[in-house]
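Only one structure is covered here, and it is reproduced in the block below.
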Amino acid sequence: MDYQKILNEIEEELKGELSKGKVADYIPALAEVDGDQFAMTITLENGEQFSVGKYKEEFSIQSISKVLAFSLAIDIYSKSLYKRVGVEPSGNAFNSLVQLEYEHGIPRNPFINAGAIVVVDALMSHFGGDYAALEKVMTFTREISGNPELKFDTVVATSEMEHASRNLSLAHLMKSFGNFENDVTDVVTTYFKQCAIVMTTEELSRAMLYLAFKGTDPISGKQFLNEAQAKRVNALMLTCGHYDASGEFAFHVGLPAKSGVGGGIVAVVPNVMSIAVWSPRLNKYGNSHVGTLALELFTTKTGLSIF
Ligand code: GLN
């Protein structure tokens with residue numbers, strides 16, 4: 001298959017869509033990003049990459065980082081983690097408080113904000129503090145991305161902390177139900193730093209190969225998750241990776257994937273490749289407008305979907 005030709009076609013066909021949607025503005029530092037940008041990279045089993053657009057441009061991976069933290073947490077806690085966070089789609093916005101109250105402080109899944117904050121709390125308890133937990137997430141991300149220099153953007157993390165009322169509320173609500181172990185501000189600050197990791201589509205696509213290949217990075221041969229754990233992460237990405245638009249995403253794209261409000265989406269074609277796409281303008285669910293369309297075009301043109 002001529003992947004480069006397909007990516008070039010996708011870029012061309014979506015030019016008229018780049019001005020649609022809205023850049024995330026509830027995090028002021030993200031509101032400054034030029035919305036009309038686009039990049040897409042696929043990485044194959046042998047590490048071969050095909051890209052289009054601004055694939056060397058770094059962007060804030062935001063909620064895509066929830067997959068990384070969750071991968072570490074299931075490896076440590078195994079089934080006991082599911083006492084603190086569920087595995088059902090939420091059908092609600094990623095930062096909704098309502099469901100959390102009804103369900104006694106147990107978030108529906110690890111990819112909505114409340115669930116991801118619980119995962120960070122669990123990592124902090126295990127590793128003995130905010131700094132140690134963040135270091136582990138960073139080390140893991142550096143390892144899978146092949147970029148030992150990978151950083152988080154302190155400006156974005158600080159900007160989000162200055163507008164953190166809703167995420168702090170989610171954390172306090174969970175604490176009131178006894179589903180919280182560490183200091184609320186410490187955990188949420190660490191969560192924001194993790195969300196502020198910056199990557200290019202080249203790096204992100206490379207990083208997610210372990211999920212496309214049953215938990216083992218096919219390039220280094222290193223096993224990060226066992227087969228059963230990788231299956232579960234992929235299942236959650238398919239059912240919960242796009243919040244209340246997860247069903248629609250599965251319907252149109254048909255791949256396990258995770259989005260972030262920085263405009264990135266990462267998707268996995270099991271046993272074949274991982275794909276990263278980035279375009280900052282979001283649809284009403286907080287998922288990249290052009291990114292979603294690009295992935296839909298990709299699976300339509302290549303026939304590569306899990307269905
Ligand atoms: N850091 C963002 C938040 O907590 C992540 C949300 C997202 O990417 N959907 O609101």
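Following the order of the structure tokens, first chain is A, next is B, and so on, with residues numbered from 1 inside each chain and ligands from 1 in the order they appear.
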
Please, which residues have at least one atom within 6 Å of an atom of ligand 1, using only C-alpha atoms and all ligand atoms, listed as number ranges by chain? A: 62-63, 113, 192, 195, 260-261

Just to be explicit: take each residue in the selection above, keep N, CA and C atoms, and write the result as a PDB file, in the first residue's frame.
```pdb
ATOM      1  N   GLN A  62      -1.945  16.340  26.278  1.00  0.00           N
ATOM      2  CA  GLN A  62      -3.118  16.386  27.157  1.00  0.00           C
ATOM      3  C   GLN A  62      -3.650  14.989  27.507  1.00  0.00           C
ATOM      4  N   SER A  63      -4.904  14.706  27.200  1.00  0.00           N
ATOM      5  CA  SER A  63      -5.504  13.461  27.701  1.00  0.00           C
ATOM      6  C   SER A  63      -4.919  12.193  27.098  1.00  0.00           C
ATOM      7  N   ASN A 113     -11.552  12.731  33.078  1.00  0.00           N
ATOM      8  CA  ASN A 113     -10.616  13.396  33.994  1.00  0.00           C
ATOM      9  C   ASN A 113     -10.587  12.780  35.380  1.00  0.00           C
ATOM     10  N   PHE A 192      -1.708  17.701  35.816  1.00  0.00           N
ATOM     11  CA  PHE A 192      -1.555  18.747  34.796  1.00  0.00           C
ATOM     12  C   PHE A 192      -0.190  18.685  34.119  1.00  0.00           C
ATOM     13  N   CYS A 195      -0.290  15.916  31.661  1.00  0.00           N
ATOM     14  CA  CYS A 195      -1.075  16.322  30.490  1.00  0.00           C
ATOM     15  C   CYS A 195      -0.288  17.279  29.591  1.00  0.00           C
ATOM     16  N   GLY A 260      -6.886  14.132  22.829  1.00  0.00           N
ATOM     17  CA  GLY A 260      -6.543  15.114  23.862  1.00  0.00           C
ATOM     18  C   GLY A 260      -6.980  16.498  23.420  1.00  0.00           C
ATOM     19  N   VAL A 261      -7.235  17.397  24.369  1.00  0.00           N
ATOM     20  CA  VAL A 261      -7.715  18.734  23.987  1.00  0.00           C
ATOM     21  C   VAL A 261      -6.639  19.601  23.339  1.00  0.00           C
TER      22      VAL A 261
END
```

Within 8 Å of Lys151 in chain A, counting only C-alpha atoms, which residues qualify if same-chain residues fewer than 2 places away don't, as a PDB file with all heavy atoms, in the first residue's frame?
```
ATOM      1  N   MET A 138       7.307  10.108  32.973  1.00  0.00           N
ATOM      2  CA  MET A 138       8.214  10.721  31.995  1.00  0.00           C
ATOM      3  C   MET A 138       9.214   9.680  31.461  1.00  0.00           C
ATOM      4  O   MET A 138       9.468   9.615  30.256  1.00  0.00           O
ATOM      5  CB  MET A 138       8.997  11.893  32.625  1.00  0.00           C
ATOM      6  CG  MET A 138       8.170  13.105  33.012  1.00  0.00           C
ATOM      7  SD  MET A 138       7.138  13.817  31.714  1.00  0.00           S
ATOM      8  CE  MET A 138       8.322  14.305  30.485  1.00  0.00           C
ATOM      9  N   GLU A 149      14.867  13.102  25.574  1.00  0.00           N
ATOM     10  CA  GLU A 149      14.813  14.521  25.974  1.00  0.00           C
ATOM     11  C   GLU A 149      13.382  14.998  26.262  1.00  0.00           C
ATOM     12  O   GLU A 149      13.179  16.168  26.612  1.00  0.00           O
ATOM     13  CB  GLU A 149      15.354  15.411  24.843  1.00  0.00           C
ATOM     14  CG  GLU A 149      16.714  15.034  24.313  1.00  0.00           C
ATOM     15  CD  GLU A 149      17.786  15.389  25.312  1.00  0.00           C
ATOM     16  OE1 GLU A 149      17.729  16.503  25.861  1.00  0.00           O
ATOM     17  OE2 GLU A 149      18.653  14.530  25.577  1.00  0.00           O
ATOM     18  N   ASP A 153       5.503  20.915  29.185  1.00  0.00           N
ATOM     19  CA  ASP A 153       5.539  22.363  29.023  1.00  0.00           C
ATOM     20  C   ASP A 153       5.057  23.011  30.327  1.00  0.00           C
ATOM     21  O   ASP A 153       3.866  22.936  30.664  1.00  0.00           O
ATOM     22  CB  ASP A 153       4.626  22.725  27.840  1.00  0.00           C
ATOM     23  CG  ASP A 153       4.658  24.202  27.510  1.00  0.00           C
ATOM     24  OD1 ASP A 153       4.973  25.013  28.405  1.00  0.00           O
ATOM     25  OD2 ASP A 153       4.354  24.540  26.348  1.00  0.00           O
ATOM     26  N   ILE A 197       2.784  17.167  28.689  1.00  0.00           N
ATOM     27  CA  ILE A 197       3.891  16.568  27.918  1.00  0.00           C
ATOM     28  C   ILE A 197       3.741  17.004  26.457  1.00  0.00           C
ATOM     29  O   ILE A 197       2.630  17.002  25.915  1.00  0.00           O
ATOM     30  CB  ILE A 197       3.862  15.015  28.016  1.00  0.00           C
ATOM     31  CG1 ILE A 197       4.174  14.568  29.442  1.00  0.00           C
ATOM     32  CG2 ILE A 197       4.849  14.387  27.030  1.00  0.00           C
ATOM     33  CD1 ILE A 197       4.028  13.055  29.671  1.00  0.00           C
ATOM     34  N   VAL A 198       4.854  17.396  25.849  1.00  0.00           N
ATOM     35  CA  VAL A 198       4.791  17.796  24.432  1.00  0.00           C
ATOM     36  C   VAL A 198       5.479  16.746  23.563  1.00  0.00           C
ATOM     37  O   VAL A 198       6.519  16.200  23.918  1.00  0.00           O
ATOM     38  CB  VAL A 198       5.417  19.188  24.167  1.00  0.00           C
ATOM     39  CG1 VAL A 198       4.515  20.293  24.651  1.00  0.00           C
ATOM     40  CG2 VAL A 198       6.796  19.310  24.779  1.00  0.00           C
TER      41      VAL A 198
END
```

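Taking only C-alpha atoms into account, Phe111 in chain A lies nearest to A:Gly86 out of the set A:Gly128, A:Pro280, A:Gly47, A:Gly86.
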
Applying 10 Å and only C-alpha atoms, which residues near Glu17 in chain A remain after dropping the ones on its own chain fewer than 5 positions away? List them as a tab-separated table (two decimals) with all heavy atoms, in the first residue's frame.
```tsv
chain	number	residue	atom	x	y	z
A	36	ASP	N	-4.99	26.36	12.68
A	36	ASP	CA	-5.10	25.83	11.31
A	36	ASP	C	-3.99	24.83	10.95
A	36	ASP	O	-3.63	24.71	9.78
A	36	ASP	CB	-5.07	26.98	10.30
A	36	ASP	CG	-6.23	27.95	10.52
A	36	ASP	OD1	-7.14	27.61	11.31
A	36	ASP	OD2	-6.20	29.04	9.93
A	281	ARG	N	-7.96	22.49	16.32
A	281	ARG	CA	-9.38	22.87	16.50
A	281	ARG	C	-10.22	21.65	16.87
A	281	ARG	O	-10.11	20.60	16.25
A	281	ARG	CB	-9.92	23.51	15.23
A	281	ARG	CG	-9.36	24.89	14.97
A	281	ARG	CD	-10.08	25.52	13.79
A	281	ARG	NE	-9.30	26.61	13.28
A	281	ARG	CZ	-9.37	27.85	13.75
A	281	ARG	NH1	-10.21	28.14	14.73
A	281	ARG	NH2	-8.62	28.80	13.23
A	289	HIS	N	-11.27	18.09	15.42
A	289	HIS	CA	-12.22	18.00	14.30
A	289	HIS	C	-11.54	17.35	13.09
A	289	HIS	O	-12.00	16.31	12.59
A	289	HIS	CB	-12.75	19.40	13.96
A	289	HIS	CG	-13.53	19.46	12.69
A	289	HIS	ND1	-14.73	18.79	12.53
A	289	HIS	CD2	-13.27	20.07	11.49
A	289	HIS	CE1	-15.18	19.00	11.29
A	289	HIS	NE2	-14.31	19.76	10.65
A	290	VAL	N	-10.44	17.95	12.64
A	290	VAL	CA	-9.77	17.42	11.45
A	290	VAL	C	-9.09	16.08	11.75
A	290	VAL	O	-9.05	15.19	10.90
A	290	VAL	CB	-8.77	18.46	10.88
A	290	VAL	CG1	-7.84	17.84	9.86
A	290	VAL	CG2	-9.54	19.62	10.24
A	293	LEU	N	-11.61	13.40	11.29
A	293	LEU	CA	-11.91	13.20	9.86
A	293	LEU	C	-10.75	12.51	9.15
A	293	LEU	O	-10.95	11.66	8.28
A	293	LEU	CB	-12.19	14.54	9.18
A	293	LEU	CG	-13.47	15.27	9.62
A	293	LEU	CD1	-13.57	16.62	8.90
A	293	LEU	CD2	-14.71	14.43	9.32
```

Can you tell me which residues surround Ser159 in chain A at a distance of at most 9 Å, considering only C-alpha atoms, apart from same-chain residues fewer than 4 positions away, and format the answer as a PyMOL selection string? chain A and resi 27-30+154-155+163-164

Measure the distance from CA of Glu57 in chain A to CA of Glu202 in chain A in Å and round it to one decimal.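 Separating CA of Glu57 in chain A from CA of Glu202 in chain A is a distance of 9.1 Å.
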
Report as a count of residues only all protein, DNA and RNA residues lying within 10 Å of Glu135 in chain A, evaluated on only C-alpha atoms, omitting residues in the same chain fewer than 6 positions from it. 3

Kindly indicate which residue among A:Pro256, A:Gly262, A:Gly91, A:Gly146 lies nearest to Asp217 in chain A, using only C-alpha atoms for the distances.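 Of A:Pro256, A:Gly262, A:Gly91, A:Gly146, the one nearest Asp217 in chain A is A:Gly146, counting only C-alpha atoms.
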
Quick one: residues within 9 Å of His104 in chain A, only C-alpha atoms counted, chain neighbours fewer than 2 positions away excluded, as number ranges by chain? A: 99-102, 106-107, 173-174, 177, 179

Between A:Leu7, A:Ile306, A:Leu255, A:Ile74, which has the minimum distance to Phe224 in chain A (counting only C-alpha atoms)?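 Between A:Leu7, A:Ile306, A:Leu255, A:Ile74, the residue approaching Phe224 in chain A most closely is A:Ile74.
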
Counting only C-alpha atoms, figure out which residue out of A:Met40, A:Ala207, A:Ala31, A:Val118 gets nearest to Asn8 in chain A.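 Under the stated criterion, the closest residue is A:Met40.
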
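Residues in contact with Gly291 in chain A at up to 7 Å, not including ones fewer than 2 positions away on its chain and judged by only C-alpha atoms, are Ile265, Val277, Trp278, Ser279, Ser288, His289, Leu293, Ala294 and Leu295 of chain A.
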
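When CA of Gln4 in chain A is paired with CA of Asn287 in chain A, their separation reads 24.7 Å.
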
DSSP helix (DSSP H, G or I) residues within range 128-263 of chain A, as a PyMOL selection string: chain A and resi 130-145+154-161+165-176+184-195+201-207+209-212+227-240+243-252

From the list A:Ser246, A:Asn182, A:Thr239, A:Thr216, which residue is nearest Pro270 in chain A when using only C-alpha atoms?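 Among the listed residues, A:Thr216 lies closest to Pro270 in chain A.
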
Minimum-distance residue to His252 in chain A, chosen among A:Thr299, A:Val266, A:Asp186, A:Arg206 (using only C-alpha atoms): A:Thr299
